[in-house]
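Raw contents of work-v9.cif, mmCIF, C-alpha atoms:
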```
data_query
loop_
_atom_site.label_atom_id
_atom_site.label_comp_id
_atom_site.auth_asym_id
_atom_site.auth_seq_id
_atom_site.Cartn_x
_atom_site.Cartn_y
_atom_site.Cartn_z
CA MET A 1 -29.33 27.46 -3.41
CA LEU A 2 -32.13 28.25 -0.93
CA VAL A 3 -30.79 31.78 -0.59
CA HIS A 4 -31.05 32.35 -4.34
CA ILE A 5 -34.56 30.89 -4.42
CA GLY A 6 -35.46 33.31 -1.65
CA TRP A 7 -34.07 36.29 -3.57
CA PHE A 8 -36.01 35.26 -6.66
CA VAL A 9 -39.29 34.77 -4.79
CA LEU A 10 -38.87 38.04 -2.88
CA GLY A 11 -38.08 39.89 -6.10
CA THR A 12 -41.11 38.40 -7.85
CA VAL A 13 -43.49 39.34 -5.03
CA LEU A 14 -42.13 42.87 -4.90
CA LEU A 15 -42.30 43.15 -8.70
CA VAL A 16 -46.02 42.32 -8.56
CA LEU A 17 -46.65 44.89 -5.83
CA ALA A 18 -44.47 47.59 -7.38
CA SER A 19 -46.00 47.20 -10.85
CA ASP A 20 -49.50 47.45 -9.45
CA SER A 21 -48.62 50.47 -7.33
CA LEU A 22 -46.87 52.29 -10.17
CA THR A 23 -49.59 51.61 -12.74
CA ARG A 24 -52.44 52.67 -10.45
CA GLY A 25 -50.59 55.76 -9.28
CA ALA A 26 -49.74 56.90 -12.80
CA ALA A 27 -53.30 56.28 -14.03
CA GLY A 28 -54.79 58.24 -11.14
CA LEU A 29 -52.49 61.22 -11.68
CA MET A 30 -53.22 61.21 -15.41
CA LEU A 31 -56.96 61.27 -14.73
CA ARG A 32 -56.52 64.01 -12.15
CA GLY A 33 -54.47 65.97 -14.66
CA GLY A 34 -57.35 66.05 -17.12
CA ALA A 35 -56.65 63.02 -19.30
CA GLY A 36 -59.75 61.17 -20.47
CA GLY A 37 -60.70 57.93 -18.77
CA TYR A 38 -60.74 56.05 -22.06
CA GLY A 39 -57.27 57.26 -23.00
CA VAL A 40 -55.89 56.38 -19.58
CA GLY A 41 -57.53 52.97 -19.74
CA LEU A 42 -56.07 52.38 -23.19
CA ALA A 43 -52.60 53.40 -22.01
CA SER A 44 -52.89 51.17 -18.92
CA THR A 45 -53.97 48.28 -21.12
CA ALA A 46 -51.13 48.70 -23.58
CA LEU A 47 -48.28 49.55 -21.23
CA GLY A 48 -49.19 48.05 -17.85
CA GLY A 49 -47.82 44.63 -18.68
CA LEU A 50 -44.64 46.10 -20.17
CA VAL A 51 -43.46 47.83 -16.98
CA PRO A 52 -42.25 44.68 -15.15
CA ALA A 53 -40.81 43.22 -18.36
CA LEU A 54 -38.88 46.44 -19.00
CA ALA A 55 -37.53 46.51 -15.43
CA VAL A 56 -36.29 42.91 -15.61
CA MET A 57 -34.82 43.43 -19.08
CA VAL A 58 -32.83 46.45 -17.89
CA ALA A 59 -31.66 44.62 -14.75
CA ALA A 60 -30.46 41.62 -16.77
CA ALA A 61 -28.74 43.80 -19.37
CA LEU A 62 -26.97 45.83 -16.68
CA ALA A 63 -25.75 42.54 -15.19
CA ASP A 64 -24.11 41.92 -18.59
CA GLN A 65 -26.61 39.16 -19.37
CA PRO A 66 -28.35 40.23 -22.62
CA GLU A 67 -29.24 36.62 -23.48
CA LEU A 68 -30.96 36.29 -20.10
CA ALA A 69 -32.91 39.47 -20.87
CA LEU A 70 -33.90 38.13 -24.29
CA GLY A 71 -35.11 34.88 -22.77
CA ALA A 72 -37.11 36.79 -20.16
CA LEU A 73 -38.92 38.79 -22.85
CA VAL A 74 -39.77 35.77 -25.00
CA GLY A 75 -40.73 33.71 -21.95
CA GLY A 76 -42.85 36.58 -20.65
CA GLY A 77 -44.73 36.70 -23.95
CA ILE A 78 -45.43 32.97 -23.76
CA ALA A 79 -46.61 33.26 -20.16
CA GLN A 80 -48.83 36.25 -20.99
CA LEU A 81 -50.65 34.43 -23.79
CA ALA A 82 -50.98 31.08 -22.03
CA LEU A 83 -50.82 31.49 -18.25
CA VAL A 84 -52.19 35.02 -17.68
CA LEU A 85 -54.97 34.81 -20.25
CA GLY A 86 -55.73 31.24 -19.24
CA ILE A 87 -56.11 31.98 -15.53
CA ALA A 88 -58.09 35.16 -16.26
CA ALA A 89 -60.48 33.20 -18.48
CA LEU A 90 -60.84 30.55 -15.75
CA ALA A 91 -61.88 33.32 -13.36
CA ALA A 92 -64.54 34.51 -15.84
CA SER A 93 -65.04 34.20 -19.59
CA LEU A 94 -63.37 37.08 -21.42
CA HIS A 95 -65.65 38.87 -23.88
CA SER A 96 -63.91 40.82 -26.62
CA ARG A 97 -65.57 43.93 -28.08
CA LEU A 98 -62.62 46.19 -28.86
CA ARG A 99 -62.28 46.76 -32.59
CA LEU A 100 -58.57 47.42 -32.24
CA PHE A 101 -58.06 43.69 -31.67
CA VAL A 102 -58.59 43.39 -35.42
CA TRP A 103 -55.11 44.93 -35.71
CA VAL A 104 -53.48 43.61 -32.55
CA LYS A 105 -54.00 39.87 -33.06
CA PRO A 106 -52.57 39.59 -36.60
CA ALA A 107 -49.87 42.14 -35.70
CA LEU A 108 -48.75 39.89 -32.86
CA ILE A 109 -48.46 36.90 -35.19
CA ALA A 110 -46.61 38.96 -37.80
CA GLY A 111 -44.31 40.42 -35.12
CA ILE A 112 -43.33 36.96 -33.90
CA VAL A 113 -42.58 35.87 -37.47
CA LEU A 114 -40.50 39.01 -38.01
CA LEU A 115 -38.49 38.36 -34.85
CA TRP A 116 -38.04 34.73 -35.83
CA LEU A 117 -36.62 35.75 -39.22
CA LEU A 118 -34.30 38.33 -37.70
CA CYS A 119 -32.94 35.66 -35.34
CA ALA A 120 -31.89 33.45 -38.26
CA ASP A 121 -28.27 34.63 -38.08
CA ALA A 122 -28.08 33.78 -34.35
CA GLN A 123 -27.72 37.41 -33.29
CA LEU A 124 -29.89 40.51 -32.89
CA GLY A 125 -27.99 43.65 -33.84
CA LEU A 126 -28.57 47.35 -34.29
CA VAL A 127 -30.41 47.09 -37.61
CA ASP A 128 -32.61 44.27 -36.28
CA GLY A 129 -33.50 46.35 -33.26
CA VAL A 130 -34.43 49.39 -35.34
CA VAL A 131 -36.64 47.23 -37.58
CA LEU A 132 -38.47 45.83 -34.54
CA ILE A 133 -38.98 49.26 -32.97
CA VAL A 134 -40.28 50.76 -36.22
CA ALA A 135 -42.65 47.81 -36.62
CA TYR A 136 -44.01 48.45 -33.13
CA LEU A 137 -44.52 52.15 -33.84
CA VAL A 138 -46.44 51.32 -37.03
CA VAL A 139 -48.71 48.94 -35.11
CA ALA A 140 -49.18 51.56 -32.36
CA VAL A 141 -50.34 54.14 -34.91
CA LEU A 142 -52.83 51.69 -36.42
CA VAL A 143 -54.13 50.73 -32.98
CA VAL A 144 -54.58 54.36 -31.90
CA ARG A 145 -56.51 55.10 -35.08
CA ALA A 146 -58.73 52.07 -34.51
CA ALA A 147 -59.25 53.09 -30.87
CA ARG A 148 -60.81 56.37 -31.95
CA ARG A 149 -63.65 54.46 -33.62
CA GLU A 150 -64.67 52.43 -30.58
CA ASP A 151 -68.27 52.82 -29.43
CA GLU A 152 -69.22 54.51 -26.15
CA GLY A 153 -69.92 51.29 -24.25
CA VAL A 154 -66.43 49.93 -24.89
CA ARG A 155 -64.87 53.29 -24.02
CA ASN A 156 -66.70 53.33 -20.68
CA GLU A 157 -65.65 49.78 -19.89
CA LEU A 158 -61.99 50.53 -20.50
CA ALA A 159 -62.19 53.75 -18.47
CA GLU A 160 -63.84 51.93 -15.56
CA ALA A 161 -61.25 49.16 -15.65
CA THR A 162 -58.46 51.53 -14.58
CA GLY A 163 -59.76 51.14 -11.01
CA THR A 164 -58.06 54.09 -9.33
CA SER A 165 -59.17 56.52 -6.63
CA MET A 166 -57.95 59.80 -8.22
CA LEU A 167 -56.76 61.04 -4.80
CA VAL A 168 -53.60 63.02 -5.52
CA TRP A 169 -51.75 62.15 -2.33
CA ARG A 170 -52.59 58.45 -2.61
CA ASP A 171 -51.70 58.16 -6.29
CA THR A 172 -48.49 60.13 -5.82
CA THR A 173 -47.51 57.81 -2.97
CA ARG A 174 -48.31 54.78 -5.12
CA LEU A 175 -46.23 56.13 -7.98
CA VAL A 176 -43.22 56.89 -5.78
CA ILE A 177 -43.39 53.51 -4.02
CA GLY A 178 -43.61 51.71 -7.34
CA LEU A 179 -40.67 53.63 -8.83
CA VAL A 180 -38.52 52.96 -5.75
CA ILE A 181 -39.30 49.26 -5.33
CA LEU A 182 -39.43 48.20 -9.00
CA PRO A 183 -35.68 48.33 -9.80
CA PHE A 184 -34.76 46.52 -6.57
CA ALA A 185 -37.34 43.82 -7.30
CA ALA A 186 -35.98 43.31 -10.81
CA LEU A 187 -32.37 43.22 -9.59
CA TRP A 188 -33.19 40.63 -6.92
CA MET A 189 -35.03 38.48 -9.45
CA VAL A 190 -32.06 38.56 -11.80
CA GLU A 191 -29.59 37.95 -8.95
CA GLY A 192 -31.59 34.97 -7.73
CA THR A 193 -31.84 33.56 -11.26
CA LEU A 194 -28.12 33.88 -11.90
CA GLY A 195 -27.39 32.26 -8.55
CA LEU A 196 -29.49 29.24 -9.56
CA ALA A 197 -27.78 28.89 -12.95
CA PRO A 198 -24.88 26.64 -11.83
CA ALA A 199 -27.21 24.23 -10.03
CA LEU A 200 -29.68 24.06 -12.92
CA GLY A 201 -27.03 23.87 -15.63
CA VAL A 202 -29.04 25.57 -18.37
CA SER A 203 -28.33 28.38 -20.81
CA PRO A 204 -29.14 32.00 -19.92
CA ILE A 205 -31.91 32.16 -22.51
CA VAL A 206 -33.65 29.09 -21.09
CA LEU A 207 -33.25 30.49 -17.56
CA GLY A 208 -34.84 33.72 -18.72
CA VAL A 209 -37.72 31.93 -20.42
CA ILE A 210 -38.58 29.67 -17.50
CA LEU A 211 -37.90 31.83 -14.44
CA LEU A 212 -37.86 35.50 -15.39
CA GLY A 213 -40.56 35.10 -18.06
CA LEU A 214 -42.86 33.53 -15.51
CA GLY A 215 -42.01 36.15 -12.88
CA THR A 216 -42.70 39.14 -15.15
CA ALA A 217 -45.99 37.66 -16.33
CA LEU A 218 -47.14 37.06 -12.75
CA ALA A 219 -46.94 40.82 -12.23
CA SER A 220 -49.80 41.17 -14.75
CA LEU A 221 -51.91 38.39 -13.31
CA PRO A 222 -53.74 40.34 -10.53
CA HIS A 223 -54.85 43.02 -13.02
CA ALA A 224 -56.08 40.44 -15.53
CA VAL A 225 -57.98 38.33 -12.98
CA GLN A 226 -59.56 41.38 -11.35
CA ALA A 227 -60.66 42.73 -14.73
CA ALA A 228 -62.13 39.35 -15.69
CA ARG A 229 -64.14 39.09 -12.47
CA ARG A 230 -65.54 42.59 -13.01
CA GLY A 231 -66.62 41.73 -16.56
CA HIS A 232 -63.88 43.82 -18.21
CA GLY A 233 -62.74 41.16 -20.65
CA ASP A 234 -61.35 43.71 -23.10
CA PHE A 235 -58.98 45.07 -20.46
CA ALA A 236 -57.69 41.61 -19.53
CA LEU A 237 -57.21 40.61 -23.16
CA GLY A 238 -55.60 43.91 -24.08
CA HIS A 239 -53.28 43.75 -21.08
CA ALA A 240 -51.87 40.34 -22.07
CA LEU A 241 -51.83 40.88 -25.84
CA GLY A 242 -50.30 44.34 -25.44
CA ALA A 243 -47.58 43.01 -23.14
CA ALA A 244 -46.73 40.18 -25.53
CA LEU A 245 -46.69 42.45 -28.59
CA GLY A 246 -44.65 45.12 -26.79
CA SER A 247 -42.13 42.55 -25.57
CA VAL A 248 -41.67 40.96 -28.99
CA LEU A 249 -41.25 44.21 -30.91
CA LEU A 250 -40.50 47.21 -28.69
CA LEU A 251 -38.52 45.77 -25.76
CA ILE A 252 -36.54 43.21 -27.77
CA GLY A 253 -35.89 45.97 -30.29
CA ILE A 254 -34.51 48.23 -27.55
CA LEU A 255 -32.41 45.35 -26.18
CA ALA A 256 -30.99 44.61 -29.64
CA VAL A 257 -29.99 48.25 -30.17
CA TRP A 258 -28.49 48.47 -26.68
CA ARG A 259 -26.71 45.15 -26.02
CA THR A 260 -26.82 42.98 -29.21
CA PRO A 261 -27.78 39.65 -27.60
CA GLY A 262 -26.80 36.34 -29.10
CA VAL A 263 -29.61 33.98 -30.07
CA ALA A 264 -29.38 30.38 -28.90
CA GLN A 265 -30.62 27.59 -31.15
CA SER A 266 -33.30 26.67 -28.61
CA LEU A 267 -34.91 30.08 -29.09
CA GLN A 268 -35.28 29.47 -32.82
CA ARG A 269 -36.32 25.84 -32.49
CA VAL A 270 -38.45 25.78 -29.32
CA GLU A 271 -39.43 29.05 -27.64
CA LEU A 272 -40.26 31.21 -30.67
CA PRO A 273 -42.22 28.37 -32.34
CA ALA A 274 -44.13 27.91 -29.06
CA LEU A 275 -44.90 31.64 -28.90
CA PHE A 276 -46.03 31.60 -32.53
CA ALA A 277 -48.25 28.54 -31.96
CA LEU A 278 -49.95 30.21 -28.99
CA ALA A 279 -50.61 33.43 -30.92
CA VAL A 280 -52.08 31.45 -33.81
CA ALA A 281 -54.19 29.30 -31.46
CA LEU A 282 -55.72 32.39 -29.84
CA TYR A 283 -56.93 33.71 -33.17
CA PRO A 284 -59.65 31.09 -33.83
CA MET A 285 -60.50 30.92 -30.11
CA MET A 286 -61.48 34.59 -30.10
CA ARG A 287 -62.62 34.93 -33.70
CA SER A 288 -65.50 32.44 -33.56
CA ASP A 289 -67.55 34.06 -30.79
CA SER A 290 -65.38 37.00 -29.62
CA GLU A 291 -64.97 35.23 -26.30
CA LEU A 292 -62.28 33.35 -24.48
CA SER A 293 -64.25 30.81 -22.48
CA ARG A 294 -63.33 29.07 -19.25
CA ARG A 295 -62.72 25.84 -21.12
CA GLU A 296 -60.37 27.61 -23.53
CA GLY A 297 -58.67 29.22 -20.54
CA GLY A 298 -58.08 25.77 -19.09
CA VAL A 299 -56.58 24.66 -22.40
CA LEU A 300 -54.19 27.63 -22.36
CA VAL A 301 -53.03 26.92 -18.81
CA ALA A 302 -52.54 23.24 -19.70
CA LEU A 303 -50.49 24.25 -22.75
CA TYR A 304 -48.27 26.41 -20.56
CA VAL A 305 -47.68 23.53 -18.13
CA VAL A 306 -46.83 21.26 -21.08
CA PHE A 307 -44.44 23.91 -22.40
CA LEU A 308 -42.64 24.16 -19.04
CA ILE A 309 -42.38 20.36 -18.75
CA GLY A 310 -41.01 20.24 -22.30
CA GLU A 311 -38.44 22.92 -21.52
CA VAL A 312 -37.25 21.06 -18.44
CA TRP A 313 -37.12 17.77 -20.34
CA LEU A 314 -35.19 19.23 -23.25
CA THR A 315 -32.81 20.97 -20.87
CA ALA A 316 -32.20 17.76 -18.91
CA GLY A 317 -31.43 15.95 -22.15
CA THR A 318 -28.69 18.38 -23.21
#
```

Whole structure given in structure tokens:
Amino acid sequence: MLVHIGWFVLGTVLLVLASDSLTRGAAGLMLRGGAGGYGVGLASTALGGLVPALAVMVAAALADQPELALGALVGGGIAQLALVLGIAALAASLHSRLRLFVWVKPALIAGIVLLWLLCADAQLGLVDGVVLIVAYLVVAVLVVRAARREDEGVRNELAEATGTSMLVWRDTTRLVIGLVILPFAALWMVEGTLGLAPALGVSPIVLGVILLGLGTALASLPHAVQAARRGHGDFALGHALGAALGSVLLLIGILAVWRTPGVAQSLQRVELPALFALAVALYPMMRSDSELSRREGGVLVALYVVFLIGEVWLTAGT
């Protein structure tokens, strides 16, 4: 058992390092290639949190564990909204100025409801996956249109938040290191998780939610905390919300088209309702004063701890 814990921990640490290296390297090369700082910042915000989730999803699916991959994506969304945003807000209050959040926040809630409805037949198939992917593309178009209307101050903040050196050799090295390490990190995380399954005695979906969901979200945590401390609240918020939205619609859609995962009852009765409740709770938190305060961050972290305790308790009772 200790060996499998070691593989999981090693994989998680490497996933954090590889994701950071890959994201920074890609952003630097894009800037060096002539892309605008605002566009690169927007891309980093939207896609940075999806890279580790995608890697773990692919690793789990290739191990013939689509339900584990599904649990990892849902659990990662929960951890992004509660743990990552909560810890980032504890580091420094997150001020929201991006107008595109007007689309992202309700789209996240609607996306969770859509996924919940599609899971009603206890399976996600080809048609379900296509619906989810199309929904994500529609939201992406709306967000890009809204992004074009952002004022100069917000554009500069997002461009500055990319935090890269723009040295070609350094960014190329970062990109290569990230691409090489990332798949191994994801494979070791999945291998460690599967090795712990017999001892824990829980379903693959619950394993994915608790272990892999937490691990993939931790890969986003350094970016979010660093952005919060530098006063880039929009970047931290966009990073977590974008990762959750992308996981719910795009990545689960791809998984459904590729491997058709079964949907356990716990996902419909516990995890998806928890994800929905978190998305709804964030709406009034940010709507009242366009800020996620330290106190609200503490509430989010506490909710995540309660969720994990509840998962363990429900699992022990089955």

I'd like the contact shell of Gly6 of chain A - 10 Å cut-off, only C-alpha atoms, skipping same-chain residues fewer than 4 positions apart - returned as an mmCIF file with C-alpha atoms, in the frame of the given file.
```cif
data_model
loop_
_atom_site.group_PDB
_atom_site.id
_atom_site.type_symbol
_atom_site.label_atom_id
_atom_site.label_comp_id
_atom_site.auth_asym_id
_atom_site.auth_seq_id
_atom_site.Cartn_x
_atom_site.Cartn_y
_atom_site.Cartn_z
ATOM 1 C CA MET A 1 -29.330 27.460 -3.410
ATOM 2 C CA LEU A 2 -32.130 28.250 -0.930
ATOM 3 C CA LEU A 10 -38.870 38.040 -2.880
ATOM 4 C CA GLY A 11 -38.080 39.890 -6.100
ATOM 5 C CA THR A 12 -41.110 38.400 -7.850
ATOM 6 C CA TRP A 188 -33.190 40.630 -6.920
ATOM 7 C CA MET A 189 -35.030 38.480 -9.450
ATOM 8 C CA GLY A 192 -31.590 34.970 -7.730
#
```

**Request:** Using the chain letters and residue numbers of this document, give as JSON, numbers by chain the residues selected by the PyMOL selection byres ((chain A and resi 250) around 9).
**Result:** {"A": [129, 132, 133, 134, 135, 136, 137, 245, 246, 247, 248, 249, 251, 252, 253, 254, 255]}

**Request:** Using the chain letters and numbers from the file, give me the residues hit by the PyMOL selection byres ((chain A and resi 228) around 12), as an MDAnalysis selection string.
**Result:** chainID A and resid 84:96 157 161 221:227 229:239 291:294 297

**Message:** Can you measure atom CA of Ile109 of chain A to atom CA of Val312 of chain A for me? One decimal in Å is fine.
**Reply:** 25.6 Å

**Prompt:** For Ala140 of chain A, which residue out of A:Ile205, A:Leu47, A:Leu175, A:Val58 is the nearest one, using all atoms listed in the file?
**Reply:** A:Leu47

**Message:** From the options A:Leu114, A:Met57, A:Arg24, A:Leu29, which residue's atoms come nearest to Leu212 of chain A, counting only C-alpha atoms?
**Reply:** A:Met57

**Selected residue, from A:Ala55, A:Val257, A:Ala277, A:Leu267, that lies nearest to Leu126 of chain A when counting all atoms listed in the file** =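 With all atoms listed in the file as the atom set, the closest residue is A:Val257.
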
**Residue members of the PyMOL selection byres ((chain A and resi 173) around 12) in the file shown, as a PyMOL selection string** = chain A and resi 18+21-26+28-29+166-172+174-180

**Prompt:** If I put a ball of radius 12 Å at (-46.0, 27.2, -33.4) in the file's coordinates, which residues poke into it when counting all atoms listed in the file, written as number ranges by chain?
**Reply:** A: 78, 109, 112-113, 116, 268-282, 303, 307

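With only C-alpha atoms as the atoms that count, the residue of A:Ser44, A:Ser203, A:Thr260, A:Gln80 with the shortest distance to Ala61 of chain A is A:Thr260.
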
**Message:** One decimal, in Å: what's the spacing between atom CA of Arg99 of chain A and atom CA of Leu83 of chain A?
**Reply:**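 Atom CA of Arg99 of chain A sits 23.9 Å away from atom CA of Leu83 of chain A.
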
Residue neighbourhood Trp103 of chain A, 9 Å, all atoms listed in the file, exclusion window fewer than 3 positions, as a PDB file with C-alpha atoms, in the frame of the given file:
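Printed below is selection-v3.pdb as written:
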```
ATOM      1  CA  ARG A  99     -62.280  46.760 -32.590  1.00  0.00           C
ATOM      2  CA  LEU A 100     -58.570  47.420 -32.240  1.00  0.00           C
ATOM      3  CA  PRO A 106     -52.570  39.590 -36.600  1.00  0.00           C
ATOM      4  CA  ALA A 107     -49.870  42.140 -35.700  1.00  0.00           C
ATOM      5  CA  LEU A 108     -48.750  39.890 -32.860  1.00  0.00           C
ATOM      6  CA  VAL A 139     -48.710  48.940 -35.110  1.00  0.00           C
ATOM      7  CA  LEU A 142     -52.830  51.690 -36.420  1.00  0.00           C
ATOM      8  CA  VAL A 143     -54.130  50.730 -32.980  1.00  0.00           C
ATOM      9  CA  ALA A 146     -58.730  52.070 -34.510  1.00  0.00           C
TER      10      ALA A 146
END
```

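Pairwise distance (atom CA of Val16 of chain A, atom CA of Asp64 of chain A) equals 24.1 Å.
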